[in-house]
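Engineer: Have a peek at work-v4.txt (compact mmCIF, C-alpha atoms and all ligand atoms).
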# COMPACT_ATOMS: atom_id res chain seq x y z
CA MET A 1 0.00 0.00 0.00
CA LYS A 2 1.31 3.45 -0.93
CA ILE A 3 0.73 6.13 1.68
CA VAL A 4 1.13 9.89 1.51
CA MET A 5 1.27 11.75 4.81
CA ILE A 6 0.64 15.46 5.01
CA HIS A 7 1.72 16.85 8.35
CA GLY A 8 0.35 20.23 9.38
CA GLN A 9 3.54 20.92 11.29
CA ASN A 10 7.29 20.65 10.76
CA HIS A 11 8.05 19.09 14.13
CA LYS A 12 7.72 15.45 15.11
CA GLY A 13 5.32 15.71 18.03
CA THR A 14 2.23 13.77 19.06
CA THR A 15 0.28 14.05 15.83
CA TYR A 16 3.34 13.12 13.77
CA HIS A 17 3.86 9.98 15.87
CA MET A 18 0.16 9.07 15.63
CA GLY A 19 0.29 9.34 11.84
CA ARG A 20 3.59 7.56 11.51
CA GLY A 21 2.38 4.80 13.85
CA LEU A 22 -0.63 4.20 11.62
CA ALA A 23 1.36 4.33 8.39
CA GLU A 24 3.91 1.81 9.64
CA LYS A 25 1.16 -0.67 10.44
CA LEU A 26 0.06 -0.55 6.81
CA ALA A 27 3.10 -0.01 4.61
CA ALA A 28 6.82 -0.50 4.28
CA GLU A 29 9.09 2.51 4.81
CA ALA A 30 9.71 2.83 1.07
CA ASP A 31 5.98 3.18 0.39
CA ILE A 32 5.48 6.08 2.80
CA THR A 33 5.96 9.61 1.46
CA GLU A 34 5.81 12.48 3.91
CA PHE A 35 5.20 16.18 3.40
CA PHE A 36 5.67 18.65 6.21
CA LEU A 37 3.89 22.00 6.29
CA PRO A 38 5.02 24.70 6.03
CA ARG A 39 8.40 23.16 5.02
CA ASP A 40 7.13 21.72 1.73
CA LEU A 41 4.58 24.39 0.77
CA ASN A 42 5.43 27.56 2.59
CA HIS A 43 2.80 29.88 1.11
CA PHE A 44 -0.59 31.42 1.73
CA CYS A 45 -3.24 31.59 -0.98
CA LEU A 46 -3.12 35.09 -2.49
CA GLY A 47 -6.75 34.98 -3.61
CA CYS A 48 -5.63 35.79 -7.16
CA TYR A 49 -8.08 33.24 -8.66
CA ALA A 50 -5.49 32.31 -11.31
CA CYS A 51 -6.08 28.61 -10.50
CA ILE A 52 -9.76 28.92 -11.38
CA GLN A 53 -8.78 29.55 -15.01
CA ASP A 54 -5.81 27.19 -15.06
CA GLU A 55 -4.35 25.29 -12.09
CA THR A 56 -0.83 25.63 -13.47
CA LYS A 57 -1.11 29.42 -13.18
CA CYS A 58 -1.10 29.26 -9.35
CA PRO A 59 2.13 31.03 -8.31
CA TYR A 60 2.94 27.97 -6.20
CA TRP A 61 1.99 25.35 -8.78
CA ASN A 62 5.39 23.62 -8.93
CA GLU A 63 5.35 22.82 -5.21
CA LYS A 64 1.65 21.98 -5.24
CA LYS A 65 2.12 19.63 -8.19
CA VAL A 66 4.74 17.58 -6.35
CA MET A 67 2.24 17.00 -3.54
CA LEU A 68 -0.73 16.35 -5.84
CA ASP A 69 1.25 13.86 -7.95
CA ALA A 70 2.28 11.96 -4.83
CA MET A 71 -1.31 11.97 -3.58
CA GLU A 72 -2.55 10.67 -6.91
CA ALA A 73 -0.12 7.74 -6.75
CA ALA A 74 -1.10 6.86 -3.17
CA ASP A 75 -3.77 4.47 -1.91
CA LEU A 76 -4.15 6.17 1.44
CA LEU A 77 -3.78 9.81 2.50
CA ILE A 78 -2.97 10.58 6.14
CA PHE A 79 -3.38 14.14 7.43
CA THR A 80 -2.05 15.10 10.84
CA THR A 81 -2.51 18.37 12.64
CA PRO A 82 -2.22 19.59 16.19
CA ASN A 83 -5.30 21.38 17.48
CA TYR A 84 -4.35 25.06 17.38
CA CYS A 85 -7.02 27.35 18.86
CA LEU A 86 -9.72 24.77 18.08
CA ALA A 87 -8.66 24.62 14.43
CA PRO A 88 -6.07 22.88 12.28
CA SER A 89 -2.62 24.47 12.20
CA GLY A 90 -2.29 27.59 10.03
CA ALA A 91 0.08 25.71 7.75
CA MET A 92 -2.49 22.96 7.17
CA LYS A 93 -5.22 25.55 6.55
CA SER A 94 -2.96 27.26 3.99
CA PHE A 95 -2.50 23.96 2.20
CA LEU A 96 -6.27 23.45 2.10
CA ASP A 97 -6.78 26.99 0.78
CA LEU A 98 -4.23 26.31 -1.96
CA THR A 99 -6.30 23.33 -3.13
CA PHE A 100 -9.70 25.01 -3.20
CA ASP A 101 -9.81 24.70 -6.98
CA CYS A 102 -10.03 20.91 -6.47
CA TRP A 103 -13.41 21.19 -4.75
CA MET A 104 -16.36 19.68 -6.63
CA VAL A 105 -17.82 23.14 -6.98
CA HIS A 106 -14.82 23.86 -9.25
CA ARG A 107 -12.69 21.14 -10.89
CA PRO A 108 -12.40 17.98 -8.78
CA LYS A 109 -9.81 15.40 -9.81
CA ALA A 110 -11.22 12.01 -10.78
CA TRP A 111 -8.55 10.21 -8.79
CA MET A 112 -9.69 11.88 -5.58
CA PHE A 113 -12.86 9.74 -5.78
CA THR A 114 -10.72 6.58 -5.48
CA LYS A 115 -8.84 7.46 -2.29
CA ARG A 116 -9.15 6.63 1.37
CA ALA A 117 -8.06 9.22 3.92
CA VAL A 118 -7.46 9.52 7.65
CA VAL A 119 -7.34 12.73 9.65
CA LEU A 120 -5.49 12.59 12.97
CA SER A 121 -5.25 15.29 15.60
CA ALA A 122 -4.25 15.85 19.21
CA SER A 123 -4.95 18.61 21.68
CA ALA A 124 -4.04 19.51 25.23
CA GLY A 125 -7.60 19.14 26.51
CA ALA A 126 -10.15 20.40 24.00
CA SER A 127 -12.14 18.41 21.48
CA CYS A 128 -10.33 17.89 18.16
CA LYS A 129 -13.61 17.84 16.23
CA LYS A 130 -13.33 21.29 14.69
CA ALA A 131 -9.64 20.90 13.78
CA MET A 132 -10.34 17.61 12.04
CA GLY A 133 -13.65 18.86 10.62
CA THR A 134 -11.98 21.59 8.58
CA ILE A 135 -9.71 19.03 6.90
CA LYS A 136 -12.58 16.56 6.52
CA ASP A 137 -14.67 19.20 4.74
CA SER A 138 -11.96 19.76 2.11
CA LEU A 139 -11.52 16.03 1.57
CA LEU A 140 -15.26 15.53 1.20
CA TYR A 141 -15.57 18.34 -1.32
CA TRP A 142 -12.48 17.11 -3.20
CA GLY A 143 -14.48 13.90 -3.66
CA VAL A 144 -12.59 11.55 -1.29
CA PRO A 145 -15.26 8.93 -0.46
CA CYS A 146 -13.75 7.32 2.64
CA ILE A 147 -12.59 9.63 5.44
CA LYS A 148 -11.79 8.39 8.92
CA THR A 149 -10.87 10.58 11.89
CA PHE A 150 -9.22 10.10 15.24
CA GLY A 151 -8.47 12.94 17.62
CA LEU A 152 -7.53 12.85 21.27
CA PRO A 153 -6.77 15.28 24.10
CA VAL A 154 -3.39 14.07 25.35
CA GLN A 155 -2.64 16.63 28.10
CA ALA A 156 1.02 16.70 27.06
CA PRO A 157 3.18 19.14 25.11
CA SER A 158 5.17 16.38 23.40
CA TRP A 159 4.95 12.70 22.45
CA ASP A 160 7.42 11.69 25.15
CA ALA A 161 5.36 13.42 27.83
CA ILE A 162 2.19 11.42 27.13
CA LYS A 163 1.16 9.07 29.94
CA PRO A 164 1.60 5.34 29.17
CA GLU A 165 -2.14 4.62 29.51
CA LYS A 166 -2.93 7.30 26.87
CA LYS A 167 -0.30 5.83 24.57
CA THR A 168 -1.94 2.41 24.99
CA LYS A 169 -5.29 3.96 24.03
CA ILE A 170 -3.70 5.58 20.96
CA GLU A 171 -2.03 2.32 19.98
CA GLN A 172 -5.33 0.40 20.28
CA ARG A 173 -7.21 2.92 18.17
CA LEU A 174 -4.49 3.02 15.49
CA THR A 175 -4.50 -0.78 15.33
CA ARG A 176 -8.27 -0.73 14.80
CA LEU A 177 -7.96 1.94 12.11
CA ALA A 178 -5.20 -0.04 10.37
CA ARG A 179 -7.42 -3.13 10.33
CA GLN A 180 -10.26 -1.13 8.69
CA LEU A 181 -7.94 0.41 6.12
CA ASN A 182 -5.93 -2.66 5.21
CA THR A 183 -7.78 -3.44 1.99
CA THR A 184 -7.13 -3.30 -1.73
CA LYS A 185 -10.82 -2.90 -2.58
CA PRO A 186 -11.87 0.47 -4.04
CA PRO A 187 -13.71 2.57 -1.45
CA ARG A 188 -17.51 2.57 -1.52
CA ILE A 189 -19.05 5.75 -2.87
CA HIS A 190 -21.52 6.72 -0.18
CA PHE A 191 -24.72 8.70 -0.50
CA LYS A 192 -23.08 11.95 0.69
CA THR A 193 -20.47 11.95 -2.11
CA ARG A 194 -23.01 10.94 -4.76
CA PHE A 195 -25.44 13.59 -3.55
CA LEU A 196 -22.80 16.36 -3.51
CA PHE A 197 -21.61 15.34 -6.95
CA LEU A 198 -25.16 15.53 -8.32
CA VAL A 199 -25.75 18.96 -6.77
CA MET A 200 -22.47 20.29 -8.22
CA ARG A 201 -23.26 18.67 -11.57
CA LYS A 202 -26.58 20.54 -11.63
CA MET A 203 -24.78 23.79 -10.87
CA HIS A 204 -22.20 23.26 -13.60
CA SER A 205 -24.90 22.18 -16.06
CA ALA A 206 -26.74 25.41 -15.32
CA GLY A 207 -23.55 27.40 -15.92
CA TRP A 208 -23.26 28.52 -12.29
CA ASP A 209 -19.49 28.20 -12.50
CA SER A 210 -16.74 30.47 -11.25
CA SER A 211 -15.45 30.38 -14.84
CA PRO A 212 -16.66 28.84 -18.16
CA VAL A 213 -13.53 26.68 -17.93
CA GLU A 214 -15.21 24.71 -15.13
CA LYS A 215 -18.26 23.73 -17.17
CA GLN A 216 -15.96 22.72 -20.02
CA TYR A 217 -13.89 20.61 -17.60
CA TRP A 218 -17.01 18.76 -16.40
CA ALA A 219 -18.35 18.36 -19.95
CA GLU A 220 -15.07 16.99 -21.33
CA ARG A 221 -15.13 14.24 -18.71
CA GLY A 222 -18.72 13.36 -19.48
CA TRP A 223 -19.76 14.25 -15.94
CA LEU A 224 -22.60 16.44 -17.16
CA GLY A 225 -23.90 13.27 -18.81
CA LYS A 226 -23.80 9.75 -17.39
CA ALA A 227 -20.06 9.37 -16.62
CA ARG A 228 -18.96 9.49 -13.00
CA PRO A 229 -15.41 10.13 -11.73
CA TRP A 230 -15.39 7.03 -9.50
CA GLN A 231 -16.04 4.81 -12.53
CA SER A 232 -12.89 5.79 -14.40
CA THR A 233 -9.71 7.70 -13.63
CA LYS A 234 -8.59 7.94 -17.25
CA THR A 235 -9.60 11.56 -17.55
CA LEU A 236 -8.08 13.76 -14.92
C1 LIG B 1 -0.52 27.73 19.06
C2 LIG B 1 -1.13 26.63 19.86
C3 LIG B 1 -2.49 26.61 20.06
C4 LIG B 1 -3.09 25.58 20.79
N1 LIG B 1 -4.45 25.59 20.98
C5 LIG B 1 -5.02 24.60 21.70
C6 LIG B 1 -6.43 24.61 21.93
O1 LIG B 1 -7.16 25.50 21.49
N2 LIG B 1 -6.97 23.61 22.68
C7 LIG B 1 -6.18 22.59 23.20
O2 LIG B 1 -6.71 21.71 23.85
N3 LIG B 1 -4.85 22.55 22.95
C8 LIG B 1 -4.25 23.52 22.24
N4 LIG B 1 -2.89 23.49 22.01
C9 LIG B 1 -2.09 22.33 22.49
C10 LIG B 1 -1.78 21.31 21.37
O3 LIG B 1 -2.92 21.05 20.58
C11 LIG B 1 -1.31 19.97 21.97
O4 LIG B 1 -0.16 20.19 22.77
C12 LIG B 1 -1.04 18.91 20.92
O5 LIG B 1 -0.89 17.68 21.56
C13 LIG B 1 0.22 19.25 20.11
O6 LIG B 1 0.42 18.27 19.09
P1 LIG B 1 1.85 18.12 18.41
O7 LIG B 1 2.76 17.50 19.46
O8 LIG B 1 1.64 17.22 17.25
O9 LIG B 1 2.31 19.47 18.02
C14 LIG B 1 -2.28 24.53 21.32
C15 LIG B 1 -0.89 24.57 21.13
C16 LIG B 1 -0.32 25.61 20.41
C17 LIG B 1 1.18 25.61 20.20
Write the structure described by the file as structure tokens, please.
Ligand SMILES: Cc1cc2nc3c(=O)[nH]c(=O)nc-3n(C[C@H](O)[C@H](O)[C@H](O)COP(=O)(O)O)c2cc1C
Structural biologist:
Amino acid sequence: MKIVMIHGQNHKGTTYHMGRGLAEKLAAEADITEFFLPRDLNHFCLGCYACIQDETKCPYWNEKKVMLDAMEAADLLIFTTPNYCLAPSGAMKSFLDLTFDCWMVHRPKAWMFTKRAVVLSASAGASCKKAMGTIKDSLLYWGVPCIKTFGLPVQAPSWDAIKPEKKTKIEQRLTRLARQLNTTKPPRIHFKTRFLFLVMRKMHSAGWDSSPVEKQYWAERGWLGKARPWQSTKTL
């Protein structure tokens, strides 16, 4: 299994170790590719909308492309982020902003509909729901049909400072997640993804696009007709 990990932080703290622990249960070292943010994409979206016309016109396209190509080649995507002020890290949020053109409301990539993803987070004491929810929203609107989450208040500023009983809990949950994700079957396309796709399809059919390029993109792939992105990844 090929895994791409996107860490919302440069340091190797709790969330890094949670993600790495999961990845190592599922894949050999050579099949795990890691990106650290901001190290590997140290930019904020400028709001220039250049990507809406042409994704390659994003000022940060070269760095984005490296990450997107790796994600396309992966079977599983793992996102990790510490809970910062009840949200994902700023670096992770920047990454999500820089991929907004991949949302179904714009130009989703067919391969996104074939991926499984996991979002992992840790906090000092607060719920990780909002931090993970922001990432989950992007994944859902990218078209990723299988998204699992696990977040935990660890009451510790570093991995080494976590109490042994908490680490046991983390280990048990990661083992369970690994069991669920250890499959070569394509993910099921659930009602939510199908429904969102149909709503977006209606919008694009009606020409409610951010640019005519979007309607053309959907039409070229046959998505305004009967074709669906989860049935074929030939057309990206
Ligand atoms: C800037 C910043 C903001 C934080 N905000 C929260 C918060 O709102 N709620 C909380 O419970 N913990 C908060 N924390 C604590 C971290 O989420 C917690 O220590 C987490 O385990 C760190 O994960 P890491 O080791 O992967 O960096 C914050 C930490 C930092 C540095």
Engineer: Could you list, as an MDAnalysis selection string, all residues that come within 6 Å of ligand LIG 1 (chain B)? Count all atoms listed in the file.
Structural biologist: chainID A and resid 13:16 82:86 122:126 154 156:158
Engineer: Contacts between range 224-232 of chain A and range 81-115 of chain A, please, where a residue of range 81-115 of chain A counts if it comes within 9 Å (with only C-alpha atoms); show its shortest atom pair and distance in Å to one decimal, rows by chain and ascending number, as a Markdown table.
Structural biologist:
| residue | atom | partner | partner_atom | distance |
| --- | --- | --- | --- | --- |
| A:Pro108 | CA | A:Pro229 | CA | 8.9 |
| A:Lys109 | CA | A:Pro229 | CA | 7.9 |
| A:Ala110 | CA | A:Pro229 | CA | 4.7 |
| A:Trp111 | CA | A:Pro229 | CA | 7.5 |
| A:Met112 | CA | A:Trp230 | CA | 8.4 |
| A:Phe113 | CA | A:Trp230 | CA | 5.3 |
| A:Thr114 | CA | A:Trp230 | CA | 6.2 |
Engineer: Find the residues around Val213 in chain A up to 8 Å (only C-alpha atoms counted), leave out those fewer than 3 positions away in its own chain, and share them as a PyMOL selection string.
Structural biologist: chain A and resi 52-53+216-217
Engineer: Between CA of Asp54 in chain A and CA of Ile6 in chain A, what is the spacing in Å?
Structural biologist: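 That distance, rounded to one decimal, is 24.1 Å.
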Engineer: Name all residues at most 9 Å from Cys102 in chain A (count only C-alpha atoms; drop same-chain ones fewer than 5 positions away) and give them as a PyMOL selection string.
Structural biologist: chain A and resi 107-109+138+141-143
Engineer: For range 73-89 of chain A, take all atoms listed in the file, fit an axis-aligned box around them, add 4 Å to each of the six sides, then output centre and edge lengths in Å rounded to one decimal, as AutoDock Vina command-line options.
Structural biologist:
--center_x -4.9 --center_y 15.9 --center_z 6.1 --size_x 17.6 --size_y 30.9 --size_z 33.6
Engineer: Given the choices A:Thr81, A:Ser94, A:Thr99, A:Thr168, which gets closest to Lys129 in chain A if the distance is worked out from all atoms listed in the file?
Structural biologist: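 Looking only at the distances to Lys129 in chain A, the closest residue turns out to be A:Thr81.
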Engineer: Have a look at CA of Ala87 in chain A and CA of Met104 in chain A and let me know their distance in Å, one decimal.
Structural biologist: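 Pair CA of Ala87 in chain A / CA of Met104 in chain A returns 23.0 Å.
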Engineer: I'd like the interatomic distance between CA of Phe95 in chain A and CA of Gln9 in chain A, to a tenth of an Å.
Structural biologist: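 Separation between CA of Phe95 in chain A and CA of Gln9 in chain A: 11.3 Å.
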Engineer: Smallest atom-to-atom distance to Met71 in chain A: which of A:Val4, A:Val105, A:Cys45, A:Ala27, using only C-alpha atoms?
Structural biologist: A:Val4
Engineer: Could you pull the residues within 6 Å of range 184-201 of chain A, counting all atoms listed in the file, minus those fewer than 2 positions along the same chain, as a PyMOL selection string?
Structural biologist: chain A and resi 105+145+203-205
Engineer: Mind listing as a ChimeraX atom specification all residues within 6 Å of (-11.6, 11.5, 5.7), counting only C-alpha atoms?
Structural biologist: /A:117-119,136,146-148
Engineer: Point out the residue among A:Pro212, A:Pro164, A:Pro153, A:Pro88 with the least atom-to-atom distance to Met132 in chain A, counting only C-alpha atoms.
Structural biologist: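 Counting only C-alpha atoms, the residue closest to Met132 in chain A is A:Pro88.
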Engineer: Will you model N, CA, C and O atoms for range 175-196 of chain A and pass it back as a PDB file, in the coordinates of the input?
Structural biologist:
ATOM      1  N   THR A 175      -4.441   0.617  15.795  1.00  0.00           N
ATOM      2  CA  THR A 175      -4.500  -0.780  15.330  1.00  0.00           C
ATOM      3  C   THR A 175      -5.866  -1.054  14.693  1.00  0.00           C
ATOM      4  O   THR A 175      -5.971  -1.683  13.634  1.00  0.00           O
ATOM      5  N   ARG A 176      -6.916  -0.528  15.343  1.00  0.00           N
ATOM      6  CA  ARG A 176      -8.270  -0.730  14.800  1.00  0.00           C
ATOM      7  C   ARG A 176      -8.417  -0.025  13.440  1.00  0.00           C
ATOM      8  O   ARG A 176      -8.948  -0.580  12.491  1.00  0.00           O
ATOM      9  N   LEU A 177      -7.889   1.193  13.380  1.00  0.00           N
ATOM     10  CA  LEU A 177      -7.960   1.940  12.110  1.00  0.00           C
ATOM     11  C   LEU A 177      -7.199   1.185  11.004  1.00  0.00           C
ATOM     12  O   LEU A 177      -7.669   1.073   9.873  1.00  0.00           O
ATOM     13  N   ALA A 178      -6.020   0.671  11.366  1.00  0.00           N
ATOM     14  CA  ALA A 178      -5.200  -0.040  10.370  1.00  0.00           C
ATOM     15  C   ALA A 178      -5.951  -1.268   9.854  1.00  0.00           C
ATOM     16  O   ALA A 178      -5.916  -1.567   8.654  1.00  0.00           O
ATOM     17  N   ARG A 179      -6.659  -1.941  10.752  1.00  0.00           N
ATOM     18  CA  ARG A 179      -7.420  -3.130  10.330  1.00  0.00           C
ATOM     19  C   ARG A 179      -8.509  -2.721   9.311  1.00  0.00           C
ATOM     20  O   ARG A 179      -8.710  -3.370   8.298  1.00  0.00           O
ATOM     21  N   GLN A 180      -9.176  -1.599   9.594  1.00  0.00           N
ATOM     22  CA  GLN A 180     -10.260  -1.130   8.690  1.00  0.00           C
ATOM     23  C   GLN A 180      -9.706  -0.690   7.336  1.00  0.00           C
ATOM     24  O   GLN A 180     -10.373  -0.814   6.319  1.00  0.00           O
ATOM     25  N   LEU A 181      -8.476  -0.185   7.348  1.00  0.00           N
ATOM     26  CA  LEU A 181      -7.940   0.410   6.120  1.00  0.00           C
ATOM     27  C   LEU A 181      -7.073  -0.549   5.306  1.00  0.00           C
ATOM     28  O   LEU A 181      -6.659  -0.231   4.195  1.00  0.00           O
ATOM     29  N   ASN A 182      -6.821  -1.712   5.867  1.00  0.00           N
ATOM     30  CA  ASN A 182      -5.930  -2.660   5.210  1.00  0.00           C
ATOM     31  C   ASN A 182      -6.698  -3.466   4.148  1.00  0.00           C
ATOM     32  O   ASN A 182      -7.032  -4.628   4.343  1.00  0.00           O
ATOM     33  N   THR A 183      -6.995  -2.808   3.055  1.00  0.00           N
ATOM     34  CA  THR A 183      -7.780  -3.440   1.990  1.00  0.00           C
ATOM     35  C   THR A 183      -7.325  -2.910   0.632  1.00  0.00           C
ATOM     36  O   THR A 183      -6.857  -1.776   0.540  1.00  0.00           O
ATOM     37  N   THR A 184      -7.483  -3.755  -0.381  1.00  0.00           N
ATOM     38  CA  THR A 184      -7.130  -3.300  -1.730  1.00  0.00           C
ATOM     39  C   THR A 184      -8.397  -2.975  -2.535  1.00  0.00           C
ATOM     40  O   THR A 184      -8.315  -2.562  -3.685  1.00  0.00           O
ATOM     41  N   LYS A 185      -9.557  -3.184  -1.884  1.00  0.00           N
ATOM     42  CA  LYS A 185     -10.820  -2.900  -2.580  1.00  0.00           C
ATOM     43  C   LYS A 185     -10.995  -1.399  -2.779  1.00  0.00           C
ATOM     44  O   LYS A 185     -10.643  -0.618  -1.880  1.00  0.00           O
ATOM     45  N   PRO A 186     -11.586  -0.968  -3.902  1.00  0.00           N
ATOM     46  CA  PRO A 186     -11.870   0.470  -4.040  1.00  0.00           C
ATOM     47  C   PRO A 186     -12.872   0.904  -2.969  1.00  0.00           C
ATOM     48  O   PRO A 186     -13.746   0.110  -2.593  1.00  0.00           O
ATOM     49  N   PRO A 187     -12.763   2.125  -2.484  1.00  0.00           N
ATOM     50  CA  PRO A 187     -13.710   2.570  -1.450  1.00  0.00           C
ATOM     51  C   PRO A 187     -15.132   2.669  -1.996  1.00  0.00           C
ATOM     52  O   PRO A 187     -15.314   2.962  -3.183  1.00  0.00           O
ATOM     53  N   ARG A 188     -16.098   2.421  -1.106  1.00  0.00           N
ATOM     54  CA  ARG A 188     -17.510   2.570  -1.520  1.00  0.00           C
ATOM     55  C   ARG A 188     -17.839   4.049  -1.668  1.00  0.00           C
ATOM     56  O   ARG A 188     -17.364   4.876  -0.889  1.00  0.00           O
ATOM     57  N   ILE A 189     -18.635   4.346  -2.684  1.00  0.00           N
ATOM     58  CA  ILE A 189     -19.050   5.750  -2.870  1.00  0.00           C
ATOM     59  C   ILE A 189     -20.384   5.912  -2.139  1.00  0.00           C
ATOM     60  O   ILE A 189     -21.413   5.396  -2.582  1.00  0.00           O
ATOM     61  N   HIS A 190     -20.331   6.598  -1.027  1.00  0.00           N
ATOM     62  CA  HIS A 190     -21.520   6.720  -0.180  1.00  0.00           C
ATOM     63  C   HIS A 190     -22.478   7.786  -0.717  1.00  0.00           C
ATOM     64  O   HIS A 190     -22.128   8.586  -1.575  1.00  0.00           O
ATOM     65  N   PHE A 191     -23.656   7.784  -0.095  1.00  0.00           N
ATOM     66  CA  PHE A 191     -24.720   8.700  -0.500  1.00  0.00           C
ATOM     67  C   PHE A 191     -24.250  10.165  -0.507  1.00  0.00           C
ATOM     68  O   PHE A 191     -24.549  10.908  -1.434  1.00  0.00           O
ATOM     69  N   LYS A 192     -23.489  10.541   0.539  1.00  0.00           N
ATOM     70  CA  LYS A 192     -23.080  11.950   0.690  1.00  0.00           C
ATOM     71  C   LYS A 192     -22.272  12.417  -0.536  1.00  0.00           C
ATOM     72  O   LYS A 192     -22.495  13.505  -1.077  1.00  0.00           O
ATOM     73  N   THR A 193     -21.314  11.590  -0.960  1.00  0.00           N
ATOM     74  CA  THR A 193     -20.470  11.950  -2.110  1.00  0.00           C
ATOM     75  C   THR A 193     -21.313  11.998  -3.382  1.00  0.00           C
ATOM     76  O   THR A 193     -21.200  12.920  -4.194  1.00  0.00           O
ATOM     77  N   ARG A 194     -22.156  10.970  -3.565  1.00  0.00           N
ATOM     78  CA  ARG A 194     -23.010  10.940  -4.760  1.00  0.00           C
ATOM     79  C   ARG A 194     -23.928  12.158  -4.799  1.00  0.00           C
ATOM     80  O   ARG A 194     -24.107  12.800  -5.835  1.00  0.00           O
ATOM     81  N   PHE A 195     -24.505  12.476  -3.629  1.00  0.00           N
ATOM     82  CA  PHE A 195     -25.440  13.590  -3.550  1.00  0.00           C
ATOM     83  C   PHE A 195     -24.727  14.918  -3.886  1.00  0.00           C
ATOM     84  O   PHE A 195     -25.206  15.703  -4.705  1.00  0.00           O
ATOM     85  N   LEU A 196     -23.556  15.125  -3.247  1.00  0.00           N
ATOM     86  CA  LEU A 196     -22.800  16.360  -3.510  1.00  0.00           C
ATOM     87  C   LEU A 196     -22.422  16.466  -4.980  1.00  0.00           C
ATOM     88  O   LEU A 196     -22.514  17.531  -5.582  1.00  0.00           O
TER      89      LEU A 196
END
